[in-house]
$ cat structure-v7.cif   # mmCIF, C-alpha atoms
data_query
loop_
_atom_site.label_atom_id
_atom_site.label_comp_id
_atom_site.auth_asym_id
_atom_site.auth_seq_id
_atom_site.Cartn_x
_atom_site.Cartn_y
_atom_site.Cartn_z
CA MET S 1 -26.78 -101.55 26.88
CA LEU S 2 -26.78 -103.51 30.15
CA HIS S 3 -24.62 -102.66 33.16
CA PHE S 4 -23.50 -104.55 36.26
CA ASP S 5 -20.54 -103.98 38.58
CA GLN S 6 -17.81 -102.46 36.35
CA TYR S 7 -19.02 -104.31 33.25
CA GLN S 8 -21.37 -103.70 30.37
CA ILE S 9 -23.04 -105.88 27.77
CA ARG S 10 -23.48 -104.10 24.49
CA PRO S 11 -23.92 -104.85 20.79
CA LEU S 12 -20.73 -105.79 18.96
CA GLU S 13 -19.82 -103.12 16.39
CA LEU S 14 -17.46 -102.93 13.40
CA THR S 15 -15.30 -100.53 15.39
CA ASP S 16 -14.64 -103.42 17.83
CA LEU S 17 -12.71 -105.40 15.22
CA GLU S 18 -9.26 -105.05 16.82
CA LYS S 19 -10.34 -106.11 20.32
CA TYR S 20 -12.69 -108.78 18.99
CA PHE S 21 -9.96 -110.32 16.84
CA GLN S 22 -7.50 -110.24 19.76
CA MET S 23 -10.00 -111.99 22.05
CA VAL S 24 -10.74 -114.72 19.50
CA GLU S 25 -7.06 -115.17 18.68
CA LYS S 26 -6.11 -115.44 22.35
CA ASN S 27 -8.89 -117.98 23.02
CA ARG S 28 -8.76 -119.81 19.69
CA LYS S 29 -7.71 -123.17 21.17
CA ARG S 30 -10.53 -123.05 23.76
CA LEU S 31 -13.10 -122.12 21.10
CA GLU S 32 -12.13 -124.44 18.29
CA ASP S 33 -14.41 -127.39 19.03
CA PHE S 34 -17.69 -125.61 19.66
CA PHE S 35 -17.39 -122.20 18.00
CA THR S 36 -16.45 -123.61 14.61
CA GLY S 37 -17.82 -120.70 12.60
CA THR S 38 -15.97 -118.12 14.66
CA VAL S 39 -12.70 -120.04 14.59
CA SER S 40 -12.80 -120.92 10.90
CA ARG S 41 -13.85 -117.44 9.77
CA THR S 42 -11.33 -115.39 11.81
CA ARG S 43 -7.93 -116.95 11.01
CA THR S 44 -6.57 -113.59 9.81
CA TYR S 45 -7.41 -110.00 10.66
CA GLU S 46 -8.87 -109.49 7.17
CA GLU S 47 -11.05 -112.62 7.47
CA ALA S 48 -12.22 -111.42 10.88
CA LYS S 49 -13.14 -108.05 9.39
CA LEU S 50 -15.36 -109.71 6.75
CA PHE S 51 -16.86 -112.05 9.34
CA LEU S 52 -17.68 -109.19 11.71
CA LYS S 53 -19.32 -107.26 8.86
CA GLU S 54 -21.47 -110.31 8.06
CA LEU S 55 -22.52 -110.57 11.71
CA ILE S 56 -23.52 -106.90 11.76
CA ASP S 57 -25.43 -107.33 8.48
CA ARG S 58 -27.31 -110.31 9.95
CA ARG S 59 -28.25 -108.12 12.92
CA GLU S 60 -29.78 -105.63 10.50
CA GLY S 61 -31.82 -108.51 9.05
CA ARG S 62 -32.86 -109.58 12.59
CA THR S 63 -31.45 -113.11 12.11
CA TYR S 64 -28.48 -112.84 14.50
CA PHE S 65 -27.46 -110.55 17.36
CA PRO S 66 -23.84 -110.43 18.62
CA PHE S 67 -23.01 -108.81 21.98
CA ILE S 68 -19.79 -108.20 23.86
CA ILE S 69 -19.15 -108.24 27.61
CA GLN S 70 -16.73 -105.43 28.36
CA ASN S 71 -14.94 -104.01 31.37
CA LYS S 72 -16.08 -100.35 31.46
CA ASP S 73 -12.93 -99.24 33.31
CA THR S 74 -10.29 -100.89 31.10
CA GLY S 75 -12.21 -101.44 27.86
CA ASP S 76 -11.12 -105.10 27.91
CA PHE S 77 -13.40 -107.64 26.24
CA ILE S 78 -14.41 -110.20 28.86
CA GLY S 79 -16.64 -112.38 26.70
CA PHE S 80 -19.18 -112.76 23.96
CA ILE S 81 -22.91 -113.58 23.91
CA ASP S 82 -24.94 -114.15 20.79
CA VAL S 83 -28.58 -114.69 19.90
CA LYS S 84 -28.92 -117.13 17.02
CA ASN S 85 -31.15 -119.75 15.41
CA ILE S 86 -34.05 -117.37 15.84
CA ASP S 87 -37.58 -118.49 15.06
CA TRP S 88 -39.77 -115.38 15.15
CA ASN S 89 -42.92 -117.49 14.66
CA ILE S 90 -42.67 -119.06 18.14
CA PRO S 91 -40.75 -116.68 19.07
CA LYS S 92 -37.63 -118.44 20.39
CA ALA S 93 -33.85 -118.26 20.03
CA GLU S 94 -30.63 -119.97 20.99
CA LEU S 95 -28.04 -118.23 23.13
CA GLY S 96 -24.31 -118.82 22.81
CA CYS S 97 -21.59 -117.56 25.08
CA TYR S 98 -17.87 -117.72 25.68
CA THR S 99 -15.50 -116.06 28.13
CA ASP S 100 -11.92 -114.86 27.74
CA GLU S 101 -9.64 -117.32 29.54
CA ASP S 102 -8.37 -114.60 31.92
CA TYR S 103 -11.90 -113.99 33.22
CA ALA S 104 -13.24 -117.55 33.29
CA GLY S 105 -14.36 -118.92 36.65
CA LYS S 106 -14.78 -115.50 38.30
CA GLY S 107 -18.57 -115.28 38.17
CA ILE S 108 -18.60 -112.41 35.68
CA THR S 109 -20.09 -114.46 32.87
CA SER S 110 -22.73 -115.95 35.18
CA LYS S 111 -23.91 -112.47 36.16
CA ALA S 112 -23.75 -111.25 32.57
CA PHE S 113 -25.59 -114.24 31.18
CA SER S 114 -28.42 -114.13 33.74
CA LEU S 115 -28.86 -110.41 33.12
CA PHE S 116 -28.81 -110.99 29.38
CA VAL S 117 -31.43 -113.75 29.55
CA ASP S 118 -33.89 -111.35 31.22
CA PHE S 119 -33.00 -108.71 28.63
CA ALA S 120 -33.54 -111.13 25.72
CA PHE S 121 -37.01 -112.06 26.95
CA GLU S 122 -38.05 -108.42 27.38
CA TYR S 123 -36.26 -106.65 24.53
CA PHE S 124 -36.76 -109.23 21.78
CA GLY S 125 -40.05 -110.62 23.09
CA PHE S 126 -38.93 -114.26 23.02
CA THR S 127 -41.13 -116.75 24.84
CA LYS S 128 -38.39 -119.39 24.92
CA LEU S 129 -34.61 -119.35 25.03
CA PHE S 130 -32.41 -122.39 24.67
CA LEU S 131 -28.77 -123.32 24.58
CA ARG S 132 -26.86 -126.38 23.55
CA THR S 133 -23.66 -127.67 25.09
CA HIS S 134 -21.45 -130.72 25.05
CA GLU S 135 -21.52 -133.01 28.08
CA SER S 136 -17.85 -132.15 28.73
CA ASN S 137 -18.57 -128.41 29.06
CA PHE S 138 -19.36 -128.24 32.77
CA ALA S 139 -18.96 -124.45 32.84
CA ALA S 140 -21.73 -124.00 30.25
CA GLN S 141 -23.97 -126.43 32.12
CA LYS S 142 -23.52 -124.48 35.38
CA LEU S 143 -24.07 -121.21 33.53
CA ALA S 144 -27.37 -122.47 32.12
CA GLU S 145 -28.57 -123.86 35.44
CA ARG S 146 -27.67 -120.67 37.36
CA ALA S 147 -29.70 -118.67 34.83
CA GLY S 148 -32.75 -120.90 35.40
CA PHE S 149 -32.50 -123.13 32.34
CA GLU S 150 -33.61 -126.74 32.62
CA ILE S 151 -32.34 -129.76 30.73
CA GLU S 152 -34.78 -130.67 27.98
CA GLY S 153 -32.79 -133.63 26.73
CA LYS S 154 -29.78 -134.86 24.86
CA ILE S 155 -29.86 -134.74 21.09
CA ARG S 156 -27.67 -137.42 19.58
CA LYS S 157 -25.26 -136.62 16.76
CA ASP S 158 -26.33 -132.98 16.72
CA TYR S 159 -23.15 -130.95 16.09
CA LYS S 160 -20.03 -131.23 13.96
CA THR S 161 -16.86 -130.02 15.66
CA THR S 162 -13.99 -128.28 13.89
CA LYS S 163 -12.22 -131.64 13.75
CA GLY S 164 -15.23 -133.14 11.94
CA GLU S 165 -16.47 -135.25 14.84
CA VAL S 166 -20.27 -135.39 15.14
CA VAL S 167 -21.21 -135.23 18.82
CA ASP S 168 -24.23 -135.32 21.12
CA LEU S 169 -25.42 -132.09 22.74
CA ILE S 170 -27.40 -131.40 25.90
CA TYR S 171 -30.30 -129.00 25.27
CA TYR S 172 -31.29 -126.54 27.97
CA GLY S 173 -34.43 -124.43 27.74
CA LYS S 174 -36.05 -121.58 29.64
CA ILE S 175 -39.61 -120.35 29.15
CA LYS S 176 -40.56 -116.74 29.80
CA GLU S 177 -42.48 -116.54 33.06
#
$ encode --input "structure-v7.cif" --output "structure tokens"
Amino acid sequence: MLHFDQYQIRPLELTDLEKYFQMVEKNRKRLEDFFTGTVSRTRTYEEAKLFLKELIDRREGRTYFPFIIQNKDTGDFIGFIDVKNIDWNIPKAELGCYTDEDYAGKGITSKAFSLFVDFAFEYFGFTKLFLRTHESNFAAQKLAERAGFEIEGKIRKDYKTTKGEVVDLIYYGKIKE
């Protein structure tokens, strides 16, 4: 578990289902284009329960690691960070992140993400981390740059949105120093 200010970053657990579902539901419109799996697999509470169980099972298999950013004082979920597309042979992984709309633009996610990047290098032993974002997602671009990621390029026609549009993505990478 990581701590900063009045916040913590910790693994997402099955017991978090209620708060997790509420956060996704509240932010569904903001998430729909680029968190297609989350949005499509959590339409109902029961679907979200199955989805969360699958995420936890994938953690046990070391193929996916979901984390939550939480206010320690209120228990509120501030955001979500995940480690995905892991290649243990390199070893490298992709990071994903989203913030609850009430906490966006306040610097909390930037602090959390930078702290998490250092943690991911040390705890998991990755030598490279990367993230992908759409050119319209300026917040994600700033987040990556503040955490020391550099643009590696734009991959054309790399992601299919919820609406079925195939779009280009900017790739950011960071190498362990």
$ residues_around --input "structure-v7.cif" --residues "segment 143-157 of chain S" --least-positions-apart "3" --cutoff "7 Å" --atoms "all atoms listed in the file" --output "list in words"
Ser110, Ser114, Ala139, Ala140, Val166, Val167, Asp168, Leu169, Ile170, Tyr171, Tyr172, Gly173 and Lys174 of chain S
$ residues_around --input "structure-v7.cif" --residues "Asp33 of chain S" --least-positions-apart "6" --cutoff "8 Å" --atoms "all atoms listed in the file" --output "list in words"
Thr161, Thr162 and Lys163 of chain S
$ atom_distance --input "structure-v7.cif" --atom1 "atom CA of Arg43 of chain S" --atom2 "atom CA of Gln22 of chain S"
11.0 Å
$ residues_around --input "structure-v7.cif" --residues "segment 83-88 of chain S" --least-positions-apart "2" --cutoff "7 Å" --atoms "only C-alpha atoms" --output "PyMOL selection string"
chain S and resi 63-66+90-96
$ residues_near_point --input "structure-v7.cif" --point "(-11.4, -101.4, 24.8)" --cutoff "12 Å" --atoms "only C-alpha atoms" --output "ChimeraX atom specification"
/S:7-8,12,15-20,22-23,68-78
$ atom_distance --input "structure-v7.cif" --atom1 "atom CA of Glu25 of chain S" --atom2 "atom CA of Thr99 of chain S"
12.7 Å
$ resolve_selection --input "structure-v7.cif" --expression "the PyMOL selection byres ((chain S and resi 41) around 12)" --output "list in words"
Phe21, Val24, Glu25, Arg28, Glu32, Phe35, Thr36, Gly37, Thr38, Val39, Ser40, Thr42, Arg43, Thr44, Tyr45, Glu46, Glu47, Ala48, Lys49, Leu50, Phe51, Leu52, Lys53, Glu54, Leu55 and Thr162 of chain S
$ resolve_selection --input "structure-v7.cif" --expression "the PyMOL selection byres ((chain S and resi 80) around 6)" --output "list in words"
Phe67, Ile68, Ile69, Gly79, Ile81, Cys97 and Tyr98 of chain S
$ write_last_selection --input "structure-v7.cif" --atoms "C-alpha atoms" --output "short mmCIF file (atom, residue, chain, number, x, y, z; two decimals), in the coordinates of the input"
data_model
loop_
_atom_site.label_atom_id
_atom_site.label_comp_id
_atom_site.auth_asym_id
_atom_site.auth_seq_id
_atom_site.Cartn_x
_atom_site.Cartn_y
_atom_site.Cartn_z
CA PHE S 67 -23.01 -108.81 21.98
CA ILE S 68 -19.79 -108.20 23.86
CA ILE S 69 -19.15 -108.24 27.61
CA GLY S 79 -16.64 -112.38 26.70
CA ILE S 81 -22.91 -113.58 23.91
CA CYS S 97 -21.59 -117.56 25.08
CA TYR S 98 -17.87 -117.72 25.68
#
$ atom_distance --input "structure-v7.cif" --atom1 "atom CA of Leu129 of chain S" --atom2 "atom CA of Leu31 of chain S"
22.0 Å
$ residues_around --input "structure-v7.cif" --residues "Phe121 of chain S" --least-positions-apart "6" --cutoff "9 Å" --atoms "all atoms listed in the file" --output "ChimeraX atom specification"
/S:127-129,175-176
$ residues_around --input "structure-v7.cif" --residues "Glu101 of chain S" --least-positions-apart "3" --cutoff "9 Å" --atoms "all atoms listed in the file" --output "mmCIF file with C-alpha atoms, in the frame of the given file"
data_model
loop_
_atom_site.group_PDB
_atom_site.id
_atom_site.type_symbol
_atom_site.label_atom_id
_atom_site.label_comp_id
_atom_site.auth_asym_id
_atom_site.auth_seq_id
_atom_site.Cartn_x
_atom_site.Cartn_y
_atom_site.Cartn_z
ATOM 1 C CA LYS S 26 -6.110 -115.440 22.350
ATOM 2 C CA ASN S 27 -8.890 -117.980 23.020
ATOM 3 C CA ARG S 30 -10.530 -123.050 23.760
ATOM 4 C CA ILE S 78 -14.410 -110.200 28.860
ATOM 5 C CA ALA S 104 -13.240 -117.550 33.290
ATOM 6 C CA GLY S 105 -14.360 -118.920 36.650
#
